[in-house]
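Visitor: Handing you a structure now.
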Amino acid sequence: MVYDLGCSTGTTLINLDPVLPPDVDFVGFDNSDEMVAQCIKNLKDNGVTRKFEIKNSDLNMGVALPNASVVVMCLTLQFIRPLYRERLLQDIYNQMNENGCLILVEKVHGEDSLFNRMFIKYYYDFKRRNNYNDMEIAQKREALENVLIPYKLHENREMILNKGFRYCETFFKWYNFAGIVAIK
Ligand SMILES: C[S@@+](CC[C@H](N)C(=O)[O-])C[C@H]1O[C@@H](n2cnc3c(N)ncnc32)[C@H](O)[C@@H]1O
C-alpha cells in the first residue's frame with residue numbers, strides 16, 4: 001500500500017500510477033474537503049484504475065497506516081505543528097512494514113543565514129520568471145507565515161533517524177527545498 005499524506009489534488013499519486021504494479025493500492029489523506037474531492041476527481045480523470053481511497057484526516061491527530069510499504073509526504077510535514085511532528089513521524093515508523101520507505105519532501109530552513117536569504121531571493125526571482133507578480137508573492141508569503149514552519153535539513157534528518165529509520169539519504173536539494181528518502 002502506498003500512502004500519500006497531504007495528498008492535495010493528487011499530483012503525486014497520479015505521477016506514481018504509471019510506474020507501479022496494478023496490485024499496489026493507494027491511500028491519500030488531506031484535512032481539506034475541497035482537496036479530497038478534487039483529488040478523487042483528478043485520479044479518475046487521469047485514468048487511475050487501481051484501488052484507491054482518499055480520506056479527510058488531520059495529521060496533527062495521528063494517522064492509521066495498515067500495511068504501509070511506502071509513505072510519501074510531499075510538502076506536508078512542514079504544515080504539521082512542531083508539537084505533533086515528532087509524534088507523527090514516530091507513528092509512521094511504528095506502523096510501516098519492515099523495509100518500508102518514507103519519502104519526505106520539505107521546504108527547509110537554510111543551514112546558513114547568508115544562503116538562506118539568497119535562496120529565498122532566488123526562489124522569488126524564479127516565481128517572477130514564472131509569471132507571479134510581487135503582490136501574489138507577498139500574499140502567499142503572508143498566508144504561510146506561522147503556518148508553514150520549515151526545519152533545517154539536518155534537523156529533519158536527525159528526527160527521522162531518531163525515530164528508528166535505519167537508512168536516510170537526501171536525494172534532492174534545490175534552494176530551500178529538499179527530498180529525503182528513509183528506510184525502516
Ligand atoms: C503543499 S500541499 C501538498 C502537495 C501535495 N503533496 C503534492 O505533492 O502535490 C500541502 C497539503 O497538506 C494539507 N495539509 C496541511 N495540514 C494538514 C493536516 N494537518 N492534516 C492533513 N493534511 C494537511 C493541505 O490541505 C494541502 O493539501
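Residues in the C-alpha cells are named by chain (A, B, ... in the order shown) and by number from 1 within that chain; ligands are numbered from 1 in the order shown.
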Would you mind listing the residues within 9 Å of ligand 1, counting only C-alpha atoms and all ligand atoms, as a ChimeraX atom specification?

Guide: /A:4-13,29-36,56-62,72-81,105,147-148

Visitor: Just C-alpha atoms for this one: save the residues we selected as a tab-separated table (two decimals), in the first residue's frame.

Guide:
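Produced file result-v6.tsv, reproduced below:
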```
chain	number	residue	atom	x	y	z
A	4	ASP	CA	0.28	9.97	0.38
A	5	LEU	CA	-0.08	12.17	3.47
A	6	GLY	CA	-1.28	15.65	2.48
A	7	CYS	CA	-2.25	14.36	-0.96
A	8	SER	CA	-3.76	17.70	-2.02
A	9	THR	CA	-5.11	17.40	-5.59
A	10	GLY	CA	-3.42	14.05	-6.24
A	11	THR	CA	-0.39	15.11	-8.30
A	12	THR	CA	1.98	12.68	-6.57
A	13	LEU	CA	-0.36	9.67	-6.82
A	29	PHE	CA	-5.11	11.79	3.38
A	30	ASP	CA	-5.76	15.51	3.46
A	31	ASN	CA	-7.57	17.67	6.01
A	32	SER	CA	-9.30	19.80	3.36
A	33	ASP	CA	-12.64	18.55	2.00
A	34	GLU	CA	-12.07	20.51	-1.23
A	35	MET	CA	-8.68	18.81	-1.75
A	36	VAL	CA	-10.15	15.36	-1.04
A	56	ASN	CA	-10.23	13.60	5.15
A	57	SER	CA	-7.86	13.23	8.08
A	58	ASP	CA	-5.98	15.71	10.28
A	59	LEU	CA	-2.38	14.53	10.56
A	60	ASN	CA	-1.95	16.59	13.74
A	61	MET	CA	-4.15	13.94	15.38
A	62	GLY	CA	-2.04	10.97	14.24
A	72	VAL	CA	5.03	9.92	0.85
A	73	MET	CA	4.85	13.35	2.45
A	74	CYS	CA	5.46	15.94	-0.24
A	75	LEU	CA	5.48	19.47	1.24
A	76	THR	CA	3.16	18.42	4.07
A	77	LEU	CA	5.21	17.78	7.23
A	78	GLN	CA	6.11	21.48	7.18
A	79	PHE	CA	2.43	22.25	7.94
A	80	ILE	CA	2.21	19.88	10.92
A	81	ARG	CA	2.55	21.75	14.19
A	105	VAL	CA	9.95	16.45	0.53
A	147	VAL	CA	1.59	28.08	9.22
A	148	LEU	CA	4.47	26.66	7.19
```

Visitor: Could you find all residues in chain A that DSSP calls helix (DSSP H, G or I) from the backbone, and write them as a VMD selection string?

Guide: chain A and resid 11 to 19 33 to 45 59 to 61 77 to 79 82 to 95 113 to 129 134 to 144 153 to 163

Visitor: Measure the distance from CA of Asn116 in chain A to CA of Trp174 in chain A in Å and round it to one decimal.

Guide: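 Computing it gives 11.8 Å between the two atoms.
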
Visitor: Of the candidates A:Tyr3, A:Phe172, A:Phe177, A:Tyr93, which shows the shortest atom-to-atom distance to Glu111 in chain A, using only C-alpha atoms?

Guide: A:Phe177

Visitor: At a cut-off of 12 Å, using only C-alpha atoms, what residues contact Lys152 in chain A? Leave out same-chain residues fewer than 4 positions from it and give the result as a list in words.

Guide: Gln78, Glu106, Lys107, Val108, His109, Gly110, Glu111, Asp112, Ser113, Asn116, Asn156, Arg157, Glu158, Met159, Asn176, Phe177 and Ala178 of chain A

Visitor: CA of Lys51 in chain A and CA of Ala37 in chain A, how far apart in Å?

Guide: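 Taking CA of Ala37 in chain A and CA of Lys51 in chain A, their separation equals 16.3 Å.
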
Visitor: Taking 5 positions as the minimum chain separation for residues in the same chain, which residues sit within 9 Å of Gly164 in chain A when counting only C-alpha atoms? Answer as an NGL selection string.

Guide: :A and (90 or 93-94 or 184)

Visitor: Can you spit out the residues from that selection as a PDB file, in the first residue's frame, using all heavy atoms?

Guide:
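See result-v6.pdb below for the written result:
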```pdb
ATOM      1  N   GLN A  90       6.938   9.263  14.389  1.00  0.00           N
ATOM      2  CA  GLN A  90       7.045   8.020  15.163  1.00  0.00           C
ATOM      3  C   GLN A  90       5.904   7.068  14.806  1.00  0.00           C
ATOM      4  O   GLN A  90       6.105   5.860  14.645  1.00  0.00           O
ATOM      5  CB  GLN A  90       7.040   8.321  16.669  1.00  0.00           C
ATOM      6  CG  GLN A  90       7.441   7.114  17.514  1.00  0.00           C
ATOM      7  CD  GLN A  90       8.907   6.730  17.312  1.00  0.00           C
ATOM      8  OE1 GLN A  90       9.789   7.500  17.661  1.00  0.00           O
ATOM      9  NE2 GLN A  90       9.163   5.564  16.743  1.00  0.00           N
ATOM     10  N   TYR A  93       6.705   5.527  11.480  1.00  0.00           N
ATOM     11  CA  TYR A  93       7.741   4.495  11.619  1.00  0.00           C
ATOM     12  C   TYR A  93       7.157   3.225  12.250  1.00  0.00           C
ATOM     13  O   TYR A  93       7.369   2.112  11.752  1.00  0.00           O
ATOM     14  CB  TYR A  93       8.904   5.016  12.473  1.00  0.00           C
ATOM     15  CG  TYR A  93       9.917   3.934  12.740  1.00  0.00           C
ATOM     16  CD1 TYR A  93      10.871   3.608  11.796  1.00  0.00           C
ATOM     17  CD2 TYR A  93       9.870   3.196  13.926  1.00  0.00           C
ATOM     18  CE1 TYR A  93      11.766   2.576  12.010  1.00  0.00           C
ATOM     19  CE2 TYR A  93      10.763   2.164  14.150  1.00  0.00           C
ATOM     20  CZ  TYR A  93      11.706   1.855  13.197  1.00  0.00           C
ATOM     21  OH  TYR A  93      12.573   0.826  13.407  1.00  0.00           O
ATOM     22  N   ASN A  94       6.415   3.403  13.351  1.00  0.00           N
ATOM     23  CA  ASN A  94       5.910   2.237  14.104  1.00  0.00           C
ATOM     24  C   ASN A  94       5.008   1.356  13.245  1.00  0.00           C
ATOM     25  O   ASN A  94       5.034   0.139  13.352  1.00  0.00           O
ATOM     26  CB  ASN A  94       5.129   2.700  15.338  1.00  0.00           C
ATOM     27  CG  ASN A  94       6.041   3.311  16.388  1.00  0.00           C
ATOM     28  OD1 ASN A  94       7.262   3.180  16.303  1.00  0.00           O
ATOM     29  ND2 ASN A  94       5.462   3.992  17.360  1.00  0.00           N
ATOM     30  N   LYS A 184      12.923   1.819   6.774  1.00  0.00           N
ATOM     31  CA  LYS A 184      12.760   1.256   8.119  1.00  0.00           C
ATOM     32  C   LYS A 184      13.643   0.026   8.275  1.00  0.00           C
ATOM     33  O   LYS A 184      13.588  -0.863   7.445  1.00  0.00           O
ATOM     34  CB  LYS A 184      11.303   0.897   8.349  1.00  0.00           C
ATOM     35  CG  LYS A 184      11.033   0.206   9.681  1.00  0.00           C
ATOM     36  CD  LYS A 184       9.562   0.186  10.015  1.00  0.00           C
ATOM     37  CE  LYS A 184       9.323  -0.627  11.274  1.00  0.00           C
ATOM     38  NZ  LYS A 184       7.921  -0.585  11.698  1.00  0.00           N
TER      39      LYS A 184
END
```

Visitor: Set the distance at 8 Å and use only C-alpha atoms: which residues neighbour Arg50 in chain A once local chain neighbours fewer than 2 positions away are removed? I'd like the list as a VMD selection string.

Guide: chain A and resid 22 to 26 48 52

Visitor: How far is it from CA of Ser69 in chain A to CA of Glu98 in chain A, in Å with one decimal?

Guide: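 Going from CA of Ser69 in chain A over to CA of Glu98 in chain A, I get 8.0 Å.
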
Visitor: Met96 in chain A: which residues within 7 Å, counting only C-alpha atoms, same-chain residues fewer than 4 positions away excluded, as a list of chain:residue names?

Guide: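 Residues meeting the cut-off are A:Asn67, A:Ala68, A:Ser69, A:Ile92, A:Gly100.
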
Visitor: Restricting the output to N, CA and C atoms, write the selected residues as an mmCIF file, in the first residue's frame.

Guide:
```cif
data_model
loop_
_atom_site.group_PDB
_atom_site.id
_atom_site.type_symbol
_atom_site.label_atom_id
_atom_site.label_comp_id
_atom_site.auth_asym_id
_atom_site.auth_seq_id
_atom_site.Cartn_x
_atom_site.Cartn_y
_atom_site.Cartn_z
ATOM 1 N N ASN A 67 -0.519 -1.848 6.676
ATOM 2 C CA ASN A 67 0.215 -2.397 5.522
ATOM 3 C C ASN A 67 0.891 -1.313 4.666
ATOM 4 N N ALA A 68 1.587 -0.392 5.334
ATOM 5 C CA ALA A 68 2.238 0.707 4.600
ATOM 6 C C ALA A 68 3.619 0.278 4.120
ATOM 7 N N SER A 69 3.786 0.157 2.798
ATOM 8 C CA SER A 69 5.110 -0.131 2.233
ATOM 9 C C SER A 69 5.834 1.156 1.903
ATOM 10 N N ILE A 92 4.343 6.953 11.982
ATOM 11 C CA ILE A 92 4.618 6.414 10.637
ATOM 12 C C ILE A 92 5.614 5.270 10.763
ATOM 13 N N GLY A 100 10.035 -0.817 4.787
ATOM 14 C CA GLY A 100 9.179 0.210 4.188
ATOM 15 C C GLY A 100 9.972 1.495 3.973
#
```

Visitor: Identify which of the residues A:Pro82, A:Pro18, A:Gly28, A:Pro66 lies closest to Tyr151 in chain A, counting only C-alpha atoms when measuring atom-to-atom distances.

Guide: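 Looking only at the distances to Tyr151 in chain A, the closest residue turns out to be A:Pro82.
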
Visitor: Quick one: everything within 8 Å of range 119-123 of chain A, counting only C-alpha atoms, minus sequence neighbours fewer than 4 positions away in the same chain. Send it as number ranges by chain.

Guide: A: 115, 127, 175-176

Visitor: List every residue of range 42-105 of chain A that DSSP, applied to the backbone of this structure, assigns to strand (DSSP E or B), and report them as a list of chain:residue names.

Guide: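 Selecting the strand (DSSP E or B) positions of range 42-105 of chain A gives A:Phe52, A:Glu53, A:Ile54, A:Lys55, A:Asn56, A:Ala68, A:Ser69, A:Val70, A:Val71, A:Val72, A:Met73, A:Cys74, A:Met96, A:Asn97, A:Glu98, A:Asn99, A:Gly100, A:Cys101, A:Leu102, A:Ile103, A:Leu104, A:Val105.
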
Visitor: Under the rule that only C-alpha atoms are counted, which of A:Ile183, A:Lys55, A:Asn42, A:Val70 is the nearest residue to Met1 in chain A?

Guide: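 For Met1 in chain A, the nearest of the candidates is A:Val70.
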
Visitor: Rank nothing, just name the residue among A:Leu83, A:Ile14, A:Val181, A:Leu102 nearest to Ile149 in chain A, using only C-alpha atoms.

Guide: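 Distance minimum relative to Ile149 in chain A lands on A:Leu83.
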